[in-house]
Amino acid sequence: MTQFTGACLCGGVRLVASGEPEGVAACHCASCRRHSGAPCTVFADYRADRVAISGEAFTRYASSPGVWRGFCGVCGSTMSYQGANLPGMIHLHIGVFDDPGRFRPQAHEHEEMRLPWIHVSIAD
Ligand SMILES: [Zn+2]
Ligand SMILES: [Zn+2]
């Protein structure tokens, strides 16, 4: 099975995701924007049992009820999103992966909040 490796900026949190993600989507919501500091985010959606984390654990912040955002407690890298409405799933910011170009968004979420100059291609 294909494996995708990744890490935070300082290398303290490392992860290996096994297999292709269930989906890849760009999110334009204001919460993702604040958490990441980026104009939009792109997530690879994995079943949590397909993701092995080593080194440091995520530090988690409950950004709203039932929503946890994971980051490195040392370097602050934005790494994950988990929601109680999607149990058993972890959504990984593709920027943590060593080869993020392998993850192509197939959908947009919260496009009503998209910044006017952001154009994310979902086509080949
Ligand atoms: Zn780190
Ligand atoms: Zn979002």
# chains A, B, ... in the order shown; residues from 1 in each chain; ligands from 1
call {"tool": "residues_near_ligand", "arguments": {"ligand": "ligand 2", "cutoff": "6 Å", "atoms": "only C-alpha atoms and all ligand atoms", "output": "CSV table (one decimal) with C-alpha atoms, in the first residue's frame"}}
result
chain,number,residue,atom,x,y,z
A,27,CYS,CA,-11.8,24.6,2.7
A,28,HIS,CA,-12.4,28.3,2.5
A,29,CYS,CA,-13.9,28.8,6.0
A,31,SER,CA,-11.8,29.1,11.1
A,32,CYS,CA,-9.4,27.2,8.9
call {"tool": "residues_near_ligand", "arguments": {"ligand": "ligand 1", "cutoff": "12 Å", "atoms": "only C-alpha atoms and all ligand atoms", "output": "list of chain:residue names"}}
result
A:Gly6, A:Ala7, A:Cys8, A:Leu9, A:Cys10, A:Gly11, A:Gly12, A:Val13, A:Arg14, A:Leu15, A:Ser54, A:Gly55, A:Glu56, A:Ala57, A:Phe58, A:Thr59, A:Gly70, A:Phe71, A:Cys72, A:Gly73, A:Val74, A:Cys75, A:Gly76, A:Ser77, A:Thr78, A:Met79, A:Val96
call {"tool": "write_last_selection", "arguments": {"atoms": "N, CA and C atoms", "output": "PDB file, in the first residue's frame"}}
result
ATOM      1  N   GLY A   6       4.930  12.530   6.408  1.00  0.00           N
ATOM      2  CA  GLY A   6       4.861  13.965   6.644  1.00  0.00           C
ATOM      3  C   GLY A   6       5.399  14.297   8.017  1.00  0.00           C
ATOM      4  N   ALA A   7       5.534  15.578   8.264  1.00  0.00           N
ATOM      5  CA  ALA A   7       6.041  16.045   9.553  1.00  0.00           C
ATOM      6  C   ALA A   7       5.728  17.526   9.704  1.00  0.00           C
ATOM      7  N   CYS A   8       5.766  17.976  10.935  1.00  0.00           N
ATOM      8  CA  CYS A   8       5.645  19.410  11.199  1.00  0.00           C
ATOM      9  C   CYS A   8       6.973  20.094  10.859  1.00  0.00           C
ATOM     10  N   LEU A   9       6.998  21.388  10.990  1.00  0.00           N
ATOM     11  CA  LEU A   9       8.190  22.158  10.601  1.00  0.00           C
ATOM     12  C   LEU A   9       9.423  21.766  11.401  1.00  0.00           C
ATOM     13  N   CYS A  10       9.277  21.507  12.688  1.00  0.00           N
ATOM     14  CA  CYS A  10      10.446  21.170  13.515  1.00  0.00           C
ATOM     15  C   CYS A  10      10.771  19.682  13.472  1.00  0.00           C
ATOM     16  N   GLY A  11       9.879  18.879  12.892  1.00  0.00           N
ATOM     17  CA  GLY A  11      10.116  17.443  12.804  1.00  0.00           C
ATOM     18  C   GLY A  11       9.715  16.683  14.054  1.00  0.00           C
ATOM     19  N   GLY A  12       9.184  17.371  15.037  1.00  0.00           N
ATOM     20  CA  GLY A  12       8.811  16.701  16.285  1.00  0.00           C
ATOM     21  C   GLY A  12       7.619  15.767  16.125  1.00  0.00           C
ATOM     22  N   VAL A  13       6.643  16.184  15.319  1.00  0.00           N
ATOM     23  CA  VAL A  13       5.477  15.341  15.037  1.00  0.00           C
ATOM     24  C   VAL A  13       5.663  14.761  13.643  1.00  0.00           C
ATOM     25  N   ARG A  14       5.672  13.441  13.553  1.00  0.00           N
ATOM     26  CA  ARG A  14       5.812  12.785  12.253  1.00  0.00           C
ATOM     27  C   ARG A  14       4.601  11.894  12.035  1.00  0.00           C
ATOM     28  N   LEU A  15       4.245  11.705  10.781  1.00  0.00           N
ATOM     29  CA  LEU A  15       3.105  10.839  10.501  1.00  0.00           C
ATOM     30  C   LEU A  15       3.326  10.072   9.210  1.00  0.00           C
ATOM     31  N   SER A  54       4.008   9.534  15.103  1.00  0.00           N
ATOM     32  CA  SER A  54       5.136   9.193  15.969  1.00  0.00           C
ATOM     33  C   SER A  54       5.827  10.468  16.425  1.00  0.00           C
ATOM     34  N   GLY A  55       6.723  10.305  17.379  1.00  0.00           N
ATOM     35  CA  GLY A  55       7.359  11.478  17.970  1.00  0.00           C
ATOM     36  C   GLY A  55       6.384  12.139  18.917  1.00  0.00           C
ATOM     37  N   GLU A  56       6.261  13.444  18.799  1.00  0.00           N
ATOM     38  CA  GLU A  56       5.337  14.186  19.656  1.00  0.00           C
ATOM     39  C   GLU A  56       3.893  13.940  19.212  1.00  0.00           C
ATOM     40  N   ALA A  57       2.964  14.052  20.144  1.00  0.00           N
ATOM     41  CA  ALA A  57       1.535  14.018  19.805  1.00  0.00           C
ATOM     42  C   ALA A  57       1.092  15.401  19.352  1.00  0.00           C
ATOM     43  N   PHE A  58      -0.010  15.428  18.620  1.00  0.00           N
ATOM     44  CA  PHE A  58      -0.620  16.714  18.307  1.00  0.00           C
ATOM     45  C   PHE A  58      -1.003  17.416  19.602  1.00  0.00           C
ATOM     46  N   THR A  59      -0.839  18.713  19.637  1.00  0.00           N
ATOM     47  CA  THR A  59      -1.554  19.525  20.616  1.00  0.00           C
ATOM     48  C   THR A  59      -2.886  19.856  19.969  1.00  0.00           C
ATOM     49  N   GLY A  70      -5.481  20.173  15.312  1.00  0.00           N
ATOM     50  CA  GLY A  70      -4.211  19.677  15.814  1.00  0.00           C
ATOM     51  C   GLY A  70      -3.053  20.477  15.258  1.00  0.00           C
ATOM     52  N   PHE A  71      -2.078  20.713  16.124  1.00  0.00           N
ATOM     53  CA  PHE A  71      -0.887  21.438  15.695  1.00  0.00           C
ATOM     54  C   PHE A  71       0.296  20.966  16.517  1.00  0.00           C
ATOM     55  N   CYS A  72       1.491  21.312  16.079  1.00  0.00           N
ATOM     56  CA  CYS A  72       2.674  20.965  16.853  1.00  0.00           C
ATOM     57  C   CYS A  72       2.826  21.974  17.987  1.00  0.00           C
ATOM     58  N   GLY A  73       2.934  21.461  19.201  1.00  0.00           N
ATOM     59  CA  GLY A  73       3.058  22.333  20.357  1.00  0.00           C
ATOM     60  C   GLY A  73       4.407  23.015  20.460  1.00  0.00           C
ATOM     61  N   VAL A  74       5.370  22.587  19.665  1.00  0.00           N
ATOM     62  CA  VAL A  74       6.700  23.206  19.690  1.00  0.00           C
ATOM     63  C   VAL A  74       6.816  24.282  18.614  1.00  0.00           C
ATOM     64  N   CYS A  75       6.553  23.904  17.359  1.00  0.00           N
ATOM     65  CA  CYS A  75       6.771  24.856  16.249  1.00  0.00           C
ATOM     66  C   CYS A  75       5.480  25.494  15.762  1.00  0.00           C
ATOM     67  N   GLY A  76       4.314  24.972  16.192  1.00  0.00           N
ATOM     68  CA  GLY A  76       3.046  25.591  15.835  1.00  0.00           C
ATOM     69  C   GLY A  76       2.478  25.187  14.494  1.00  0.00           C
ATOM     70  N   SER A  77       3.129  24.275  13.774  1.00  0.00           N
ATOM     71  CA  SER A  77       2.606  23.872  12.456  1.00  0.00           C
ATOM     72  C   SER A  77       1.168  23.392  12.547  1.00  0.00           C
ATOM     73  N   THR A  78       0.336  23.888  11.649  1.00  0.00           N
ATOM     74  CA  THR A  78      -1.055  23.470  11.527  1.00  0.00           C
ATOM     75  C   THR A  78      -1.095  22.088  10.887  1.00  0.00           C
ATOM     76  N   MET A  79      -1.757  21.137  11.511  1.00  0.00           N
ATOM     77  CA  MET A  79      -1.630  19.772  10.995  1.00  0.00           C
ATOM     78  C   MET A  79      -2.939  19.051  10.725  1.00  0.00           C
ATOM     79  N   VAL A  96       1.583  19.376   5.421  1.00  0.00           N
ATOM     80  CA  VAL A  96       2.469  18.629   6.324  1.00  0.00           C
ATOM     81  C   VAL A  96       3.152  17.472   5.601  1.00  0.00           C
TER      82      VAL A  96
END
call {"tool": "residues_around", "arguments": {"residues": "Gly19 (chain A)", "least_positions_apart": "2", "cutoff": "12 Å", "atoms": "only C-alpha atoms", "output": "VMD selection string"}}
result
chain A and resid 1 to 5 16 to 17 21 to 23 44 to 52 102 to 103
call {"tool": "select_by_dssp", "arguments": {"residues": "chain A", "states": "alpha helix (DSSP H)", "output": "PyMOL selection string"}}
result
chain A and resi 30-36
call {"tool": "select_by_dssp", "arguments": {"residues": "region 4-123 of chain A", "states": "strand (DSSP E)", "output": "PyMOL selection string"}}
result
chain A and resi 4-7+13-18+23-27+41-47+51-55+59-64+67-71+78-83+89-93+107-109
call {"tool": "closest_residue", "arguments": {"among": "A:Ile122, A:Ile53, A:Ser63, A:His93", "to": "Gln106 (chain A)", "atoms": "only C-alpha atoms"}}
result
A:Ile122
call {"tool": "closest_residue", "arguments": {"among": "A:Phe43, A:Glu20, A:Ser64, A:Glu111", "to": "Tyr81 (chain A)", "atoms": "only C-alpha atoms"}}
result
A:Phe43
call {"tool": "atom_distance", "arguments": {"atom1": "CA of Ala107 (chain A)", "atom2": "CA of Val24 (chain A)"}}
result
7.1 Å
call {"tool": "closest_residue", "arguments": {"among": "A:His35, A:Gly66, A:Val42, A:Ala25", "to": "Phe97 (chain A)", "atoms": "only C-alpha atoms"}}
result
A:Val42
call {"tool": "decode", "arguments": {"residues": "region 11-122 of chain A", "atoms": "C-alpha atoms", "output": "PDB file, in the first residue's frame"}}
result
ATOM      1  CA  GLY A  11      10.116  17.443  12.804  1.00  0.00           C
ATOM      2  CA  GLY A  12       8.811  16.701  16.285  1.00  0.00           C
ATOM      3  CA  VAL A  13       5.477  15.341  15.037  1.00  0.00           C
ATOM      4  CA  ARG A  14       5.812  12.785  12.253  1.00  0.00           C
ATOM      5  CA  LEU A  15       3.105  10.839  10.501  1.00  0.00           C
ATOM      6  CA  VAL A  16       2.594   8.121   7.926  1.00  0.00           C
ATOM      7  CA  ALA A  17      -0.722   7.849   6.070  1.00  0.00           C
ATOM      8  CA  SER A  18      -1.398   4.502   4.398  1.00  0.00           C
ATOM      9  CA  GLY A  19      -3.204   4.373   1.083  1.00  0.00           C
ATOM     10  CA  GLU A  20      -4.959   7.033  -0.921  1.00  0.00           C
ATOM     11  CA  PRO A  21      -7.149   9.440   1.059  1.00  0.00           C
ATOM     12  CA  GLU A  22     -10.924   9.051   1.133  1.00  0.00           C
ATOM     13  CA  GLY A  23     -11.086  12.512  -0.395  1.00  0.00           C
ATOM     14  CA  VAL A  24      -9.226  15.787  -0.818  1.00  0.00           C
ATOM     15  CA  ALA A  25     -10.983  19.120  -0.449  1.00  0.00           C
ATOM     16  CA  ALA A  26     -10.149  22.785  -0.201  1.00  0.00           C
ATOM     17  CA  CYS A  27     -11.785  24.622   2.689  1.00  0.00           C
ATOM     18  CA  HIS A  28     -12.395  28.348   2.550  1.00  0.00           C
ATOM     19  CA  CYS A  29     -13.940  28.797   6.002  1.00  0.00           C
ATOM     20  CA  ALA A  30     -12.775  31.562   8.326  1.00  0.00           C
ATOM     21  CA  SER A  31     -11.848  29.116  11.114  1.00  0.00           C
ATOM     22  CA  CYS A  32      -9.437  27.201   8.876  1.00  0.00           C
ATOM     23  CA  ARG A  33      -8.033  30.500   7.664  1.00  0.00           C
ATOM     24  CA  ARG A  34      -7.320  31.706  11.192  1.00  0.00           C
ATOM     25  CA  HIS A  35      -5.922  28.372  12.323  1.00  0.00           C
ATOM     26  CA  SER A  36      -3.552  28.066   9.391  1.00  0.00           C
ATOM     27  CA  GLY A  37      -2.805  31.698   8.623  1.00  0.00           C
ATOM     28  CA  ALA A  38      -3.275  30.734   4.975  1.00  0.00           C
ATOM     29  CA  PRO A  39      -5.909  32.137   2.598  1.00  0.00           C
ATOM     30  CA  CYS A  40      -7.418  28.680   2.223  1.00  0.00           C
ATOM     31  CA  THR A  41      -6.598  25.169   3.333  1.00  0.00           C
ATOM     32  CA  VAL A  42      -6.534  21.792   1.583  1.00  0.00           C
ATOM     33  CA  PHE A  43      -7.206  18.625   3.536  1.00  0.00           C
ATOM     34  CA  ALA A  44      -6.559  14.970   2.772  1.00  0.00           C
ATOM     35  CA  ASP A  45      -9.292  12.959   4.490  1.00  0.00           C
ATOM     36  CA  TYR A  46      -8.147   9.723   6.112  1.00  0.00           C
ATOM     37  CA  ARG A  47      -9.649   7.125   8.359  1.00  0.00           C
ATOM     38  CA  ALA A  48      -7.793   7.683  11.613  1.00  0.00           C
ATOM     39  CA  ASP A  49      -6.704   4.035  11.744  1.00  0.00           C
ATOM     40  CA  ARG A  50      -4.784   4.617   8.485  1.00  0.00           C
ATOM     41  CA  VAL A  51      -2.609   7.320  10.039  1.00  0.00           C
ATOM     42  CA  ALA A  52       0.306   6.515  12.333  1.00  0.00           C
ATOM     43  CA  ILE A  53       1.715   9.383  14.358  1.00  0.00           C
ATOM     44  CA  SER A  54       5.136   9.193  15.969  1.00  0.00           C
ATOM     45  CA  GLY A  55       7.359  11.478  17.970  1.00  0.00           C
ATOM     46  CA  GLU A  56       5.337  14.186  19.656  1.00  0.00           C
ATOM     47  CA  ALA A  57       1.535  14.018  19.805  1.00  0.00           C
ATOM     48  CA  PHE A  58      -0.620  16.714  18.307  1.00  0.00           C
ATOM     49  CA  THR A  59      -1.554  19.525  20.616  1.00  0.00           C
ATOM     50  CA  ARG A  60      -5.291  19.929  20.128  1.00  0.00           C
ATOM     51  CA  TYR A  61      -7.433  23.018  20.272  1.00  0.00           C
ATOM     52  CA  ALA A  62     -11.237  22.768  20.458  1.00  0.00           C
ATOM     53  CA  SER A  63     -12.138  25.568  18.044  1.00  0.00           C
ATOM     54  CA  SER A  64     -15.872  24.926  18.453  1.00  0.00           C
ATOM     55  CA  PRO A  65     -17.926  22.203  20.161  1.00  0.00           C
ATOM     56  CA  GLY A  66     -16.940  18.821  18.719  1.00  0.00           C
ATOM     57  CA  VAL A  67     -14.118  20.223  16.573  1.00  0.00           C
ATOM     58  CA  TRP A  68     -10.443  19.696  17.336  1.00  0.00           C
ATOM     59  CA  ARG A  69      -7.604  21.294  15.457  1.00  0.00           C
ATOM     60  CA  GLY A  70      -4.211  19.677  15.814  1.00  0.00           C
ATOM     61  CA  PHE A  71      -0.887  21.438  15.695  1.00  0.00           C
ATOM     62  CA  CYS A  72       2.674  20.965  16.853  1.00  0.00           C
ATOM     63  CA  GLY A  73       3.058  22.333  20.357  1.00  0.00           C
ATOM     64  CA  VAL A  74       6.700  23.206  19.690  1.00  0.00           C
ATOM     65  CA  CYS A  75       6.771  24.856  16.249  1.00  0.00           C
ATOM     66  CA  GLY A  76       3.046  25.591  15.835  1.00  0.00           C
ATOM     67  CA  SER A  77       2.606  23.872  12.456  1.00  0.00           C
ATOM     68  CA  THR A  78      -1.055  23.470  11.527  1.00  0.00           C
ATOM     69  CA  MET A  79      -1.630  19.772  10.995  1.00  0.00           C
ATOM     70  CA  SER A  80      -5.116  18.331  11.414  1.00  0.00           C
ATOM     71  CA  TYR A  81      -8.837  18.753  11.823  1.00  0.00           C
ATOM     72  CA  GLN A  82     -11.146  16.278  13.525  1.00  0.00           C
ATOM     73  CA  GLY A  83     -14.877  16.649  14.003  1.00  0.00           C
ATOM     74  CA  ALA A  84     -17.309  14.705  16.149  1.00  0.00           C
ATOM     75  CA  ASN A  85     -19.677  14.767  13.166  1.00  0.00           C
ATOM     76  CA  LEU A  86     -17.189  12.613  11.229  1.00  0.00           C
ATOM     77  CA  PRO A  87     -16.102  10.030  13.824  1.00  0.00           C
ATOM     78  CA  GLY A  88     -13.075   7.911  13.015  1.00  0.00           C
ATOM     79  CA  MET A  89     -11.770  10.399  10.460  1.00  0.00           C
ATOM     80  CA  ILE A  90      -8.794  12.715  10.525  1.00  0.00           C
ATOM     81  CA  HIS A  91      -8.329  15.493   8.012  1.00  0.00           C
ATOM     82  CA  LEU A  92      -4.690  16.308   7.421  1.00  0.00           C
ATOM     83  CA  HIS A  93      -3.500  19.617   6.022  1.00  0.00           C
ATOM     84  CA  ILE A  94      -1.649  18.577   2.882  1.00  0.00           C
ATOM     85  CA  GLY A  95       1.165  21.028   3.675  1.00  0.00           C
ATOM     86  CA  VAL A  96       2.469  18.629   6.324  1.00  0.00           C
ATOM     87  CA  PHE A  97       3.208  15.952   3.736  1.00  0.00           C
ATOM     88  CA  ASP A  98       6.611  15.517   2.141  1.00  0.00           C
ATOM     89  CA  ASP A  99       4.965  15.378  -1.316  1.00  0.00           C
ATOM     90  CA  PRO A 100       1.829  17.516  -1.049  1.00  0.00           C
ATOM     91  CA  GLY A 101       1.469  17.776  -4.821  1.00  0.00           C
ATOM     92  CA  ARG A 102       0.170  14.184  -4.754  1.00  0.00           C
ATOM     93  CA  PHE A 103      -3.076  15.437  -3.191  1.00  0.00           C
ATOM     94  CA  ARG A 104      -5.348  17.231  -5.633  1.00  0.00           C
ATOM     95  CA  PRO A 105      -8.535  18.886  -4.351  1.00  0.00           C
ATOM     96  CA  GLN A 106     -11.737  17.389  -5.737  1.00  0.00           C
ATOM     97  CA  ALA A 107     -14.132  19.762  -4.024  1.00  0.00           C
ATOM     98  CA  HIS A 108     -14.493  23.102  -2.311  1.00  0.00           C
ATOM     99  CA  GLU A 109     -16.020  23.544   1.128  1.00  0.00           C
ATOM    100  CA  HIS A 110     -17.470  26.824   2.403  1.00  0.00           C
ATOM    101  CA  GLU A 111     -16.951  28.471  -0.937  1.00  0.00           C
ATOM    102  CA  GLU A 112     -19.211  31.299   0.218  1.00  0.00           C
ATOM    103  CA  MET A 113     -16.254  32.462   2.333  1.00  0.00           C
ATOM    104  CA  ARG A 114     -13.666  32.080  -0.421  1.00  0.00           C
ATOM    105  CA  LEU A 115     -11.386  35.082  -0.839  1.00  0.00           C
ATOM    106  CA  PRO A 116     -12.198  36.733  -4.162  1.00  0.00           C
ATOM    107  CA  TRP A 117      -8.737  36.236  -5.634  1.00  0.00           C
ATOM    108  CA  ILE A 118      -8.375  32.543  -4.716  1.00  0.00           C
ATOM    109  CA  HIS A 119      -8.834  30.169  -7.623  1.00  0.00           C
ATOM    110  CA  VAL A 120      -8.098  26.562  -6.745  1.00  0.00           C
ATOM    111  CA  SER A 121      -8.043  24.226  -9.697  1.00  0.00           C
ATOM    112  CA  ILE A 122      -9.851  20.960  -9.163  1.00  0.00           C
TER     113      ILE A 122
END
